[in-house]
Amino acid sequence: MEFTPENKKKVSEILKRYPEGKVGRQAALLPLLRLAQEQFGFVSEEVMTYVASILDIPPAQIYGVATFYTLFNKKPVGKYHLQVCTNLSCCMEGAEETLSHLEKRLCIRSGETTPDGKFTLSEVECLAACGSGPVIQVNEEYHEDLKTTENVDRLLERLK
Ligand code: FES
């Protein structure tokens with residue numbers, strides 16, 4: 001397992017942005033994990049160990065960070081990763097209905113991927129767009145105000 005030559009250049013650029021030494025290496029951890037997820041699709045234990053070896057820090061430190069942030073996938077996800085915020089503000093706007101509607105439409109439960117590998121559904125904590133809930137993050141993109149099942153259906157149609 002290795003970064004592509006192009007991503008190795010990006011790694012060098014990222015490392016140059018931070019001071020040398022332990023503190024700088026820790027600061028580079030998040031952008032390196034993002035880059036790893038971009039290339040490998042998800043952050044497996046093997047990926048964590050690889051990133052730890054680049055940063056010369058214990059793999060357990062990478063594991064702690066990767067499992068804390070929902071933006072890092074610990075297992076393979078579908079082509080579209082639908083992350084539904086069910087935190088307080090979104091819940092008050094109907095996020096639980098949004099989530100259960102998606103479960104019905106996709107015939108999967110939160111945490112699962114459709115058999116064709118197209119959709120993964122996840123329930124996540126606050127996505128920091130609380131004023132316009134319910135909010136769904138689809139891969140890197142935010143979709144807001146998904147209050148009605150019609151809006152959710154329209155989103156699914158666009159992704160099909
Ligand atoms: S509560 Fe949903 S984005 Fe903050």
# chains A, B, ... in the order shown; residues from 1 in each chain; ligands from 1
$ residues_around --residues "Thr49 of chain A" --least-positions-apart "5" --cutoff "9 Å" --atoms "only C-alpha atoms" --output "ChimeraX atom specification"
/A:44,54,58-60,62-63
$ residues_near_ligand --ligand "ligand 1" --cutoff "6 Å" --atoms "only C-alpha atoms and all ligand atoms" --output "mmCIF file with all heavy atoms, in the first residue's frame"
data_model
loop_
_atom_site.group_PDB
_atom_site.id
_atom_site.type_symbol
_atom_site.label_atom_id
_atom_site.label_comp_id
_atom_site.auth_asym_id
_atom_site.auth_seq_id
_atom_site.Cartn_x
_atom_site.Cartn_y
_atom_site.Cartn_z
ATOM 1 N N CYS A 85 -27.874 14.045 9.340
ATOM 2 C CA CYS A 85 -27.686 14.600 10.684
ATOM 3 C C CYS A 85 -28.961 14.403 11.471
ATOM 4 O O CYS A 85 -30.042 14.792 11.025
ATOM 5 C CB CYS A 85 -27.349 16.082 10.607
ATOM 6 S SG CYS A 85 -27.450 16.874 12.231
ATOM 7 N N ASN A 87 -28.972 15.320 14.804
ATOM 8 C CA ASN A 87 -28.751 16.090 16.029
ATOM 9 C C ASN A 87 -29.971 16.981 16.313
ATOM 10 O O ASN A 87 -30.868 17.090 15.487
ATOM 11 C CB ASN A 87 -27.477 16.917 15.879
ATOM 12 C CG ASN A 87 -26.642 16.813 17.128
ATOM 13 O OD1 ASN A 87 -27.019 17.339 18.161
ATOM 14 N ND2 ASN A 87 -25.531 16.112 17.042
ATOM 15 N N LEU A 88 -29.950 17.662 17.456
ATOM 16 C CA LEU A 88 -31.154 18.338 17.961
ATOM 17 C C LEU A 88 -31.870 19.244 16.951
ATOM 18 O O LEU A 88 -33.057 19.061 16.681
ATOM 19 C CB LEU A 88 -30.806 19.124 19.230
ATOM 20 C CG LEU A 88 -32.012 19.746 19.932
ATOM 21 C CD1 LEU A 88 -33.005 18.693 20.367
ATOM 22 C CD2 LEU A 88 -31.552 20.569 21.117
ATOM 23 N N SER A 89 -31.151 20.196 16.355
ATOM 24 C CA SER A 89 -31.828 21.160 15.464
ATOM 25 C C SER A 89 -32.442 20.453 14.271
ATOM 26 O O SER A 89 -33.565 20.755 13.864
ATOM 27 C CB SER A 89 -30.851 22.235 14.972
ATOM 28 O OG SER A 89 -30.352 22.937 16.064
ATOM 29 N N CYS A 90 -31.718 19.520 13.691
ATOM 30 C CA CYS A 90 -32.244 18.787 12.535
ATOM 31 C C CYS A 90 -33.410 17.901 12.949
ATOM 32 O O CYS A 90 -34.387 17.762 12.223
ATOM 33 C CB CYS A 90 -31.142 17.967 11.865
ATOM 34 S SG CYS A 90 -30.021 18.988 10.875
ATOM 35 N N CYS A 126 -23.983 16.470 14.401
ATOM 36 C CA CYS A 126 -24.149 17.792 13.773
ATOM 37 C C CYS A 126 -23.165 18.064 12.633
ATOM 38 O O CYS A 126 -21.962 17.884 12.762
ATOM 39 C CB CYS A 126 -23.988 18.862 14.843
ATOM 40 S SG CYS A 126 -24.254 20.507 14.212
ATOM 41 N N LEU A 127 -23.733 18.509 11.505
ATOM 42 C CA LEU A 127 -22.914 18.824 10.331
ATOM 43 C C LEU A 127 -22.644 20.330 10.228
ATOM 44 O O LEU A 127 -22.172 20.817 9.196
ATOM 45 C CB LEU A 127 -23.613 18.325 9.059
ATOM 46 C CG LEU A 127 -23.688 16.803 8.899
ATOM 47 C CD1 LEU A 127 -24.661 16.424 7.787
ATOM 48 C CD2 LEU A 127 -22.313 16.207 8.608
ATOM 49 N N ALA A 128 -23.009 21.050 11.271
ATOM 50 C CA ALA A 128 -22.743 22.496 11.356
ATOM 51 C C ALA A 128 -23.495 23.309 10.308
ATOM 52 O O ALA A 128 -22.976 24.278 9.783
ATOM 53 C CB ALA A 128 -21.237 22.762 11.282
ATOM 54 N N ALA A 129 -24.712 22.877 9.991
ATOM 55 C CA ALA A 129 -25.584 23.682 9.133
ATOM 56 C C ALA A 129 -26.958 23.707 9.803
ATOM 57 O O ALA A 129 -27.990 23.547 9.153
ATOM 58 C CB ALA A 129 -25.646 23.096 7.732
ATOM 59 N N CYS A 130 -26.949 23.909 11.125
ATOM 60 C CA CYS A 130 -28.126 23.675 11.965
ATOM 61 C C CYS A 130 -29.331 24.553 11.616
ATOM 62 O O CYS A 130 -30.454 24.185 11.920
ATOM 63 C CB CYS A 130 -27.770 23.878 13.432
ATOM 64 S SG CYS A 130 -26.157 23.237 13.856
ATOM 65 N N GLY A 133 -31.969 22.647 8.666
ATOM 66 C CA GLY A 133 -32.185 21.203 8.690
ATOM 67 C C GLY A 133 -33.504 20.777 8.109
ATOM 68 O O GLY A 133 -34.340 21.637 7.831
ATOM 69 N N VAL A 135 -30.467 18.146 7.374
ATOM 70 C CA VAL A 135 -29.312 18.247 6.483
ATOM 71 C C VAL A 135 -28.788 16.839 6.163
ATOM 72 O O VAL A 135 -28.656 16.002 7.057
ATOM 73 C CB VAL A 135 -28.170 19.053 7.144
ATOM 74 C CG1 VAL A 135 -26.984 19.177 6.202
ATOM 75 C CG2 VAL A 135 -28.648 20.427 7.567
#
$ atom_distance --atom1 "atom CA of Leu146 of chain A" --atom2 "atom CA of Phe119 of chain A"
17.6 Å
$ select_by_dssp --residues "chain A" --states "helix (DSSP H, G or I)" --output "PyMOL selection string"
chain A and resi 5-16+22-27+29-40+45-55+59-68+88-92+95-106+130-132+149-159
$ residues_around --residues "segment 138-140 of chain A" --least-positions-apart "5" --cutoff "9 Å" --atoms "only C-alpha atoms" --output "ChimeraX atom specification"
/A:79-84
$ write_last_selection --atoms "all heavy atoms" --output "PDB file, in the first residue's frame"
ATOM      1  N   LYS A  79     -21.183   4.348  -3.788  1.00  0.00           N
ATOM      2  CA  LYS A  79     -20.843   5.481  -4.658  1.00  0.00           C
ATOM      3  C   LYS A  79     -21.312   6.792  -4.025  1.00  0.00           C
ATOM      4  O   LYS A  79     -20.634   7.802  -4.075  1.00  0.00           O
ATOM      5  CB  LYS A  79     -21.518   5.264  -6.020  1.00  0.00           C
ATOM      6  CG  LYS A  79     -21.224   6.337  -7.023  1.00  0.00           C
ATOM      7  CD  LYS A  79     -21.871   6.031  -8.349  1.00  0.00           C
ATOM      8  CE  LYS A  79     -21.593   7.144  -9.348  1.00  0.00           C
ATOM      9  NZ  LYS A  79     -22.491   7.062 -10.499  1.00  0.00           N
ATOM     10  N   TYR A  80     -22.514   6.745  -3.419  1.00  0.00           N
ATOM     11  CA  TYR A  80     -23.037   7.910  -2.716  1.00  0.00           C
ATOM     12  C   TYR A  80     -23.165   7.583  -1.233  1.00  0.00           C
ATOM     13  O   TYR A  80     -23.889   6.655  -0.876  1.00  0.00           O
ATOM     14  CB  TYR A  80     -24.408   8.325  -3.269  1.00  0.00           C
ATOM     15  CG  TYR A  80     -24.357   8.723  -4.721  1.00  0.00           C
ATOM     16  CD1 TYR A  80     -24.971   7.945  -5.697  1.00  0.00           C
ATOM     17  CD2 TYR A  80     -23.688   9.878  -5.121  1.00  0.00           C
ATOM     18  CE1 TYR A  80     -24.920   8.307  -7.025  1.00  0.00           C
ATOM     19  CE2 TYR A  80     -23.630  10.242  -6.461  1.00  0.00           C
ATOM     20  CZ  TYR A  80     -24.252   9.450  -7.397  1.00  0.00           C
ATOM     21  OH  TYR A  80     -24.194   9.806  -8.716  1.00  0.00           O
ATOM     22  N   HIS A  81     -22.473   8.351  -0.425  1.00  0.00           N
ATOM     23  CA  HIS A  81     -22.562   8.162   1.017  1.00  0.00           C
ATOM     24  C   HIS A  81     -23.493   9.230   1.582  1.00  0.00           C
ATOM     25  O   HIS A  81     -23.148  10.415   1.603  1.00  0.00           O
ATOM     26  CB  HIS A  81     -21.164   8.263   1.638  1.00  0.00           C
ATOM     27  CG  HIS A  81     -21.140   7.913   3.091  1.00  0.00           C
ATOM     28  ND1 HIS A  81     -20.064   8.162   3.899  1.00  0.00           N
ATOM     29  CD2 HIS A  81     -22.071   7.312   3.898  1.00  0.00           C
ATOM     30  CE1 HIS A  81     -20.328   7.747   5.124  1.00  0.00           C
ATOM     31  NE2 HIS A  81     -21.534   7.236   5.151  1.00  0.00           N
ATOM     32  N   LEU A  82     -24.677   8.806   1.990  1.00  0.00           N
ATOM     33  CA  LEU A  82     -25.679   9.735   2.515  1.00  0.00           C
ATOM     34  C   LEU A  82     -25.564   9.779   4.030  1.00  0.00           C
ATOM     35  O   LEU A  82     -25.875   8.796   4.710  1.00  0.00           O
ATOM     36  CB  LEU A  82     -27.088   9.265   2.118  1.00  0.00           C
ATOM     37  CG  LEU A  82     -27.602   9.626   0.735  1.00  0.00           C
ATOM     38  CD1 LEU A  82     -26.736   9.072  -0.366  1.00  0.00           C
ATOM     39  CD2 LEU A  82     -29.034   9.114   0.565  1.00  0.00           C
ATOM     40  N   GLN A  83     -25.124  10.919   4.532  1.00  0.00           N
ATOM     41  CA  GLN A  83     -24.957  11.060   5.973  1.00  0.00           C
ATOM     42  C   GLN A  83     -26.042  12.012   6.489  1.00  0.00           C
ATOM     43  O   GLN A  83     -26.034  13.196   6.169  1.00  0.00           O
ATOM     44  CB  GLN A  83     -23.571  11.604   6.291  1.00  0.00           C
ATOM     45  CG  GLN A  83     -22.465  10.670   5.794  1.00  0.00           C
ATOM     46  CD  GLN A  83     -21.089  11.195   6.134  1.00  0.00           C
ATOM     47  OE1 GLN A  83     -20.662  11.136   7.272  1.00  0.00           O
ATOM     48  NE2 GLN A  83     -20.394  11.718   5.146  1.00  0.00           N
ATOM     49  N   VAL A  84     -26.946  11.453   7.275  1.00  0.00           N
ATOM     50  CA  VAL A  84     -28.077  12.235   7.750  1.00  0.00           C
ATOM     51  C   VAL A  84     -27.804  12.727   9.167  1.00  0.00           C
ATOM     52  O   VAL A  84     -27.562  11.920  10.074  1.00  0.00           O
ATOM     53  CB  VAL A  84     -29.364  11.368   7.755  1.00  0.00           C
ATOM     54  CG1 VAL A  84     -30.569  12.204   8.153  1.00  0.00           C
ATOM     55  CG2 VAL A  84     -29.574  10.712   6.405  1.00  0.00           C
TER      56      VAL A  84
END
$ select_by_dssp --residues "chain A" --states "strand (DSSP E)" --output "PDB file with C-alpha atoms, in the first residue's frame"
ATOM      1  CA  TYR A  80     -23.037   7.910  -2.716  1.00  0.00           C
ATOM      2  CA  HIS A  81     -22.562   8.162   1.017  1.00  0.00           C
ATOM      3  CA  LEU A  82     -25.679   9.735   2.515  1.00  0.00           C
ATOM      4  CA  GLN A  83     -24.957  11.060   5.973  1.00  0.00           C
ATOM      5  CA  VAL A  84     -28.077  12.235   7.750  1.00  0.00           C
ATOM      6  CA  CYS A  85     -27.686  14.600  10.684  1.00  0.00           C
ATOM      7  CA  PHE A 119     -25.789   4.051  -1.583  1.00  0.00           C
ATOM      8  CA  THR A 120     -24.494   3.924   1.962  1.00  0.00           C
ATOM      9  CA  LEU A 121     -26.686   5.433   4.660  1.00  0.00           C
ATOM     10  CA  SER A 122     -25.290   6.795   7.929  1.00  0.00           C
ATOM     11  CA  GLU A 123     -26.716   8.685  10.854  1.00  0.00           C
ATOM     12  CA  VAL A 124     -24.249  11.357  11.974  1.00  0.00           C
ATOM     13  CA  ILE A 136     -27.864  15.361   4.467  1.00  0.00           C
ATOM     14  CA  GLN A 137     -24.255  15.271   3.364  1.00  0.00           C
ATOM     15  CA  VAL A 138     -23.856  13.358   0.090  1.00  0.00           C
ATOM     16  CA  GLU A 141     -21.844  18.040  -0.796  1.00  0.00           C
ATOM     17  CA  TYR A 142     -24.456  19.397   1.626  1.00  0.00           C
ATOM     18  CA  HIS A 143     -28.195  19.192   0.913  1.00  0.00           C
TER      19      HIS A 143
END
$ residues_around --residues "Gly24 of chain A" --least-positions-apart "5" --cutoff "8 Å" --atoms "only C-alpha atoms" --output "list in words"
Leu15, Tyr18 and Pro19 of chain A
$ closest_atom_pairs --of "segment 22-61 of chain A" --to "segment 67-73 of chain A" --cutoff "8 Å" --atoms "only C-alpha atoms" --output "CSV"
residue,atom,partner,partner_atom,distance
A:Leu33,CA,A:Phe72,CA,7.9
A:Arg34,CA,A:Phe72,CA,7.5
A:Gln37,CA,A:Phe72,CA,7.1
A:Gly41,CA,A:Asn73,CA,7.9
A:Phe42,CA,A:Asn73,CA,4.9
A:Val43,CA,A:Asn73,CA,5.8
$ write_last_selection --atoms "N, CA and C atoms" --output "PDB file, in the first residue's frame"
ATOM      1  N   LEU A  33      -4.987  12.096   6.380  1.00  0.00           N
ATOM      2  CA  LEU A  33      -6.066  11.094   6.410  1.00  0.00           C
ATOM      3  C   LEU A  33      -7.095  11.378   5.323  1.00  0.00           C
ATOM      4  N   ARG A  34      -7.378  12.661   5.089  1.00  0.00           N
ATOM      5  CA  ARG A  34      -8.331  13.017   4.020  1.00  0.00           C
ATOM      6  C   ARG A  34      -7.805  12.564   2.666  1.00  0.00           C
ATOM      7  N   GLN A  37      -8.112   8.860   2.405  1.00  0.00           N
ATOM      8  CA  GLN A  37      -9.485   8.426   2.111  1.00  0.00           C
ATOM      9  C   GLN A  37      -9.832   8.667   0.642  1.00  0.00           C
ATOM     10  N   GLY A  41     -10.416   5.209  -0.673  1.00  0.00           N
ATOM     11  CA  GLY A  41     -11.866   5.060  -0.553  1.00  0.00           C
ATOM     12  C   GLY A  41     -12.350   5.005   0.887  1.00  0.00           C
ATOM     13  N   PHE A  42     -11.569   4.436   1.764  1.00  0.00           N
ATOM     14  CA  PHE A  42     -11.909   4.416   3.183  1.00  0.00           C
ATOM     15  C   PHE A  42     -10.621   4.222   3.987  1.00  0.00           C
ATOM     16  N   VAL A  43     -10.746   4.482   5.299  1.00  0.00           N
ATOM     17  CA  VAL A  43      -9.562   4.450   6.150  1.00  0.00           C
ATOM     18  C   VAL A  43      -9.525   3.130   6.918  1.00  0.00           C
TER      19      VAL A  43
END
